[in-house]
>>> print(open('entry-v3.tsv').read())   # TSV, C-alpha atoms
chain	number	residue	atom	x	y	z
A	1	ARG	CA	0.00	0.00	0.00
A	2	ALA	CA	1.49	3.34	-1.11
A	3	PRO	CA	1.63	6.11	1.49
A	4	ARG	CA	-0.42	9.25	0.85
A	5	THR	CA	1.53	12.21	-0.35
A	6	ARG	CA	1.00	15.42	1.51
A	7	ALA	CA	1.13	17.54	-1.65
A	8	HIS	CA	-1.79	15.66	-3.16
A	9	THR	CA	-4.06	16.02	-0.15
A	10	CYS	CA	-3.26	19.73	0.37
A	11	THR	CA	-3.45	20.92	-3.24
A	12	MET	CA	-7.15	20.49	-3.88
A	13	PRO	CA	-8.56	22.27	-0.79
A	14	ALA	CA	-6.13	25.19	-1.24
A	15	GLN	CA	-7.15	25.53	-4.88
A	16	THR	CA	-10.82	25.38	-3.97
A	17	ALA	CA	-10.28	27.97	-1.26
A	18	ALA	CA	-8.42	30.20	-3.71
A	19	GLN	CA	-11.22	29.88	-6.24
A	20	GLN	CA	-13.78	30.67	-3.55
A	21	ASP	CA	-11.72	33.70	-2.44
A	22	ALA	CA	-11.57	34.94	-6.03
A	23	TYR	CA	-15.33	34.47	-6.40
A	24	GLU	CA	-16.01	36.35	-3.17
A	25	ALA	CA	-13.65	39.16	-4.22
A	26	LEU	CA	-15.54	39.43	-7.51
A	27	LYS	CA	-18.84	39.60	-5.61
A	28	ARG	CA	-17.43	42.42	-3.47
A	29	GLU	CA	-16.34	44.28	-6.61
A	30	VAL	CA	-19.82	43.88	-8.14
A	31	ARG	CA	-21.38	45.17	-4.90
A	32	SER	CA	-18.94	48.07	-4.68
A	33	VAL	CA	-19.63	49.21	-8.24
A	34	PHE	CA	-23.39	48.88	-7.74
A	35	GLN	CA	-23.22	50.97	-4.57
A	36	LEU	CA	-21.78	53.87	-6.56
A	37	VAL	CA	-25.12	54.31	-8.31
A	38	GLU	CA	-27.47	52.77	-5.77
A	39	LEU	CA	-30.49	54.90	-4.99
A	40	GLU	CA	-30.78	56.10	-1.42
A	41	THR	CA	-34.48	56.93	-1.20
A	42	LYS	CA	-36.57	54.93	1.25
A	43	ASP	CA	-38.58	53.11	-1.40
A	44	LYS	CA	-35.69	52.60	-3.87
A	45	ARG	CA	-32.85	51.52	-1.55
A	46	GLY	CA	-31.07	48.48	-2.96
A	47	MET	CA	-31.94	49.49	-6.51
A	48	CYS	CA	-30.36	51.46	-9.31
A	49	ASP	CA	-31.73	53.22	-12.34
A	50	GLU	CA	-31.44	50.86	-15.31
A	51	ARG	CA	-29.87	53.70	-17.33
A	52	GLU	CA	-26.77	53.22	-15.14
A	53	ILE	CA	-26.32	49.58	-16.20
A	54	PRO	CA	-24.05	50.25	-19.22
A	55	THR	CA	-21.69	52.28	-17.02
A	56	ILE	CA	-21.67	49.63	-14.29
A	57	VAL	CA	-21.06	46.81	-16.77
A	58	ARG	CA	-18.13	48.63	-18.37
A	59	SER	CA	-16.65	49.54	-15.01
A	60	LEU	CA	-16.51	45.81	-14.28
A	61	GLY	CA	-14.11	45.41	-17.21
A	62	LEU	CA	-16.62	44.24	-19.80
A	63	ASN	CA	-17.08	45.80	-23.22
A	64	PRO	CA	-20.40	44.50	-24.52
A	65	THR	CA	-21.96	45.39	-27.84
A	66	GLN	CA	-25.17	47.43	-27.80
A	67	GLU	CA	-27.13	44.25	-28.48
A	68	GLN	CA	-25.46	42.46	-25.54
A	69	LEU	CA	-26.23	45.43	-23.29
A	70	ARG	CA	-29.89	45.33	-24.34
A	71	ASP	CA	-29.96	41.60	-23.53
A	72	ILE	CA	-28.42	42.19	-20.10
A	73	ILE	CA	-30.87	44.99	-19.32
A	74	THR	CA	-33.82	42.88	-20.49
A	75	GLU	CA	-32.67	40.05	-18.23
A	76	LEU	CA	-32.18	42.43	-15.32
A	77	ARG	CA	-35.68	43.83	-15.76
A	78	GLY	CA	-37.20	40.40	-15.48
A	79	GLU	CA	-40.94	40.46	-14.89
A	80	ASP	CA	-40.85	44.10	-13.78
A	81	SER	CA	-40.04	45.59	-17.15
A	82	GLN	CA	-41.81	48.90	-16.56
A	83	SER	CA	-40.26	50.28	-13.35
A	84	GLY	CA	-36.92	51.41	-14.81
A	85	TYR	CA	-35.10	50.15	-11.71
A	86	VAL	CA	-32.95	47.09	-11.07
A	87	GLU	CA	-32.72	45.34	-7.70
A	88	TYR	CA	-29.27	44.48	-6.45
A	89	GLU	CA	-30.01	40.78	-5.87
A	90	ARG	CA	-31.04	40.31	-9.49
A	91	PHE	CA	-28.11	42.44	-10.67
A	92	GLU	CA	-25.60	40.39	-8.65
A	93	LYS	CA	-26.99	37.10	-9.94
A	94	VAL	CA	-26.86	38.15	-13.59
A	95	MET	CA	-23.48	39.89	-13.38
A	96	MET	CA	-21.79	37.06	-11.50
A	97	ARG	CA	-22.95	34.66	-14.22
A	98	VAL	CA	-21.70	37.00	-16.94
A	99	LEU	CA	-18.38	37.63	-15.19
A	100	THR	CA	-17.68	33.99	-14.40
A	101	ASP	CA	-19.28	32.01	-17.23
A	102	GLN	CA	-19.51	34.41	-20.18
A	103	LYS	CA	-16.76	37.00	-19.69
A	104	ASP	CA	-15.05	36.18	-23.00
A	105	GLU	CA	-18.28	36.91	-24.87
A	106	TYR	CA	-18.33	40.44	-23.45
A	107	THR	CA	-14.65	41.29	-23.92
A	108	ARG	CA	-14.02	42.59	-27.41
A	109	ASP	CA	-10.52	44.07	-27.30
A	110	ASN	CA	-8.25	41.07	-26.93
A	111	GLU	CA	-4.53	41.20	-27.74
A	112	GLU	CA	-4.97	39.90	-31.28
A	113	LYS	CA	-7.58	42.53	-32.11
A	114	ILE	CA	-5.46	45.30	-30.60
A	115	MET	CA	-2.48	44.25	-32.70
A	116	ARG	CA	-4.66	44.19	-35.84
A	117	ALA	CA	-5.66	47.77	-35.05
A	118	PHE	CA	-2.00	48.68	-34.56
A	119	ARG	CA	-1.03	47.08	-37.88
A	120	ALA	CA	-3.76	49.08	-39.64
A	121	PHE	CA	-1.74	52.19	-38.75
A	122	ASP	CA	1.59	50.51	-39.51
A	123	PRO	CA	1.00	49.07	-42.99
A	124	GLU	CA	4.73	48.98	-43.75
A	125	GLY	CA	5.31	46.69	-40.76
A	126	LYS	CA	7.92	48.93	-39.11
A	127	GLY	CA	6.75	47.93	-35.63
A	128	TYR	CA	5.91	51.46	-34.59
A	129	ILE	CA	3.57	54.37	-35.34
A	130	ASP	CA	4.87	57.93	-35.48
A	131	GLY	CA	3.43	59.99	-32.62
A	132	ASP	CA	2.58	62.98	-34.82
A	133	TYR	CA	0.77	60.72	-37.27
A	134	LEU	CA	-1.23	59.15	-34.43
A	135	LYS	CA	-2.05	62.59	-32.98
A	136	ASN	CA	-3.39	63.69	-36.36
A	137	ILE	CA	-5.59	60.59	-36.58
A	138	LEU	CA	-6.90	61.03	-33.03
A	139	MET	CA	-7.83	64.66	-33.64
A	140	THR	CA	-9.32	64.39	-37.15
A	141	ARG	CA	-11.12	61.04	-37.52
A	142	GLY	CA	-14.24	59.54	-36.10
A	143	ASP	CA	-15.21	60.83	-32.67
A	144	SER	CA	-12.21	63.13	-32.62
A	145	PHE	CA	-10.23	63.87	-29.49
A	146	ARG	CA	-9.83	67.31	-28.00
A	147	PRO	CA	-6.18	68.48	-27.88
A	148	LYS	CA	-5.93	67.70	-24.14
A	149	GLU	CA	-7.27	64.16	-24.64
A	150	ALA	CA	-4.85	63.51	-27.50
A	151	HIS	CA	-1.97	64.85	-25.42
A	152	GLN	CA	-2.88	62.56	-22.48
A	153	MET	CA	-3.12	59.52	-24.73
A	154	LEU	CA	0.18	60.25	-26.42
A	155	ALA	CA	1.95	61.07	-23.14
A	156	ALA	CA	1.04	57.62	-21.88
A	157	ALA	CA	1.82	55.72	-25.06
A	158	VAL	CA	4.51	57.43	-27.11
A	159	GLU	CA	8.20	56.97	-26.26
A	160	GLU	CA	9.64	60.38	-25.53
A	161	ALA	CA	13.05	59.69	-27.07
A	162	SER	CA	11.82	58.33	-30.41
A	163	GLY	CA	8.42	60.02	-30.67
A	164	THR	CA	6.87	56.69	-31.62
A	165	LEU	CA	4.32	54.25	-30.31
A	166	GLN	CA	5.97	50.82	-30.30
A	167	GLY	CA	4.00	47.72	-31.25
A	168	THR	CA	5.46	45.81	-28.30
A	169	PHE	CA	4.06	48.42	-25.93
A	170	ILE	CA	0.63	48.55	-27.50
A	171	THR	CA	-0.78	45.45	-25.81
A	172	ARG	CA	0.10	46.84	-22.38
A	173	ILE	CA	-2.07	49.93	-22.75
A	174	SER	CA	-5.73	50.37	-23.45
A	175	LEU	CA	-6.62	51.11	-27.04
A	176	ARG	CA	-10.11	52.19	-26.11
A	177	CYS	CA	-9.04	55.74	-26.95
A	178	LEU	CA	-7.94	54.65	-30.41
A	179	HIS	CA	-11.15	52.63	-30.78
A	180	LYS	CA	-13.11	55.76	-29.88
A	181	ALA	CA	-11.38	57.72	-32.63
A	182	VAL	CA	-11.66	55.31	-35.55
A	183	GLY	CA	-14.34	52.80	-34.58
A	184	PRO	CA	-14.02	49.05	-34.45
A	185	ILE	CA	-11.30	47.36	-36.48
A	186	VAL	CA	-12.64	44.07	-37.84
>>> encode(input="entry-v3.tsv", output="structure tokens")
Amino acid sequence: RAPRTRAHTCTMPAQTAAQQDAYEALKREVRSVFQLVELETKDKRGMCDEREIPTIVRSLGLNPTQEQLRDIITELRGEDSQSGYVEYERFEKVMMRVLTDQKDEYTRDNEEKIMRAFRAFDPEGKGYIDGDYLKNILMTRGDSFRPKEAHQMLAAAVEEASGTLQGTFITRISLRCLHKAVGPIV
């Protein structure tokens, strides 16, 4: 009879505890974000205006399409589709399912997509985008940036010494600003 190994008997409960801790931390984050917009009136405590749902969902790190947002809001309304308010218990249930079981469906800007967007502005394959070129794009296309917004984006992304945005750096920063300027890159 082979003796039990300590590593085998300790690994599973620790992993389960870690998963449970992560789940509880996620629940706290969902609650914390909901509390930012929770109504404080006597008859609406524990509820939020459904018009806040897109903001809450995005603040939880999701980037749903308009259709996905409509589906989430419809599900959150449930039977009470006319009140315009969402109860926290229902919100937590739906959001925990989305965040744990369907997160990939609601996350559109993965690394591959970001790099495709980068390559659209680097057709020669140099591995970088000139900062002045990017500034021009940000301020003249799509939902154009104000000068201050463009400056903030470039200050965070462009290497000071070379004046370029490097492709290797691009996946470490958010391209939501670039997405805002030119729309989705498919």
>>> residues_around(input="entry-v3.tsv", residues="A:Pro64", least_positions_apart="5", cutoff="9 Å", atoms="all atoms listed in the file", output="ChimeraX atom specification")
/A:54,57-58,69,105-108
>>> write_last_selection(input="entry-v3.tsv", atoms="C-alpha atoms", output="compact mmCIF listing (two decimals), keeping the file's coordinate frame")
# COMPACT_ATOMS: atom_id res chain seq x y z
CA PRO A 54 -24.05 50.25 -19.22
CA VAL A 57 -21.06 46.81 -16.77
CA ARG A 58 -18.13 48.63 -18.37
CA LEU A 69 -26.23 45.43 -23.29
CA GLU A 105 -18.28 36.91 -24.87
CA TYR A 106 -18.33 40.44 -23.45
CA THR A 107 -14.65 41.29 -23.92
CA ARG A 108 -14.02 42.59 -27.41
>>> closest_residue(input="entry-v3.tsv", among="A:Ser144, A:Gln152, A:Thr100, A:Gln166", to="A:Lys27", atoms="all atoms listed in the file")
A:Thr100
>>> closest_residue(input="entry-v3.tsv", among="A:Leu165, A:Leu76, A:Ala22, A:Ala150", to="A:Phe91", atoms="all atoms listed in the file")
A:Leu76
>>> closest_residue(input="entry-v3.tsv", among="A:Val158, A:Val98, A:Ala18, A:Val86", to="A:Phe34", atoms="all atoms listed in the file")
A:Val86
>>> closest_residue(input="entry-v3.tsv", among="A:Ser162, A:Ala155, A:Ile114, A:Phe145", to="A:Ile129", atoms="all atoms listed in the file")
A:Ser162
>>> closest_residue(input="entry-v3.tsv", among="A:Val30, A:Leu138, A:Val94, A:Ala161", to="A:Gly61", atoms="only C-alpha atoms")
A:Val30
>>> closest_residue(input="entry-v3.tsv", among="A:Ile137, A:Gly142, A:Tyr128, A:Gln68", to="A:Glu159", atoms="only C-alpha atoms")
A:Tyr128
>>> atom_distance(input="entry-v3.tsv", atom1="atom CA of A:Ala25", atom2="atom CA of A:Arg70")
26.6 Å
>>> atom_distance(input="entry-v3.tsv", atom1="atom CA of A:Met115", atom2="atom CA of A:Thr140")
21.7 Å
>>> atom_distance(input="entry-v3.tsv", atom1="atom CA of A:Val33", atom2="atom CA of A:Ser59")
7.4 Å
>>> axis_aligned_box(input="entry-v3.tsv", around="stretch 86-90 of chain A", padding_each_side="3 Å", output="JSON")
{"center_x": -31.1, "center_y": 43.7, "center_z": -8.5, "size_x": 9.7, "size_y": 12.8, "size_z": 11.2}
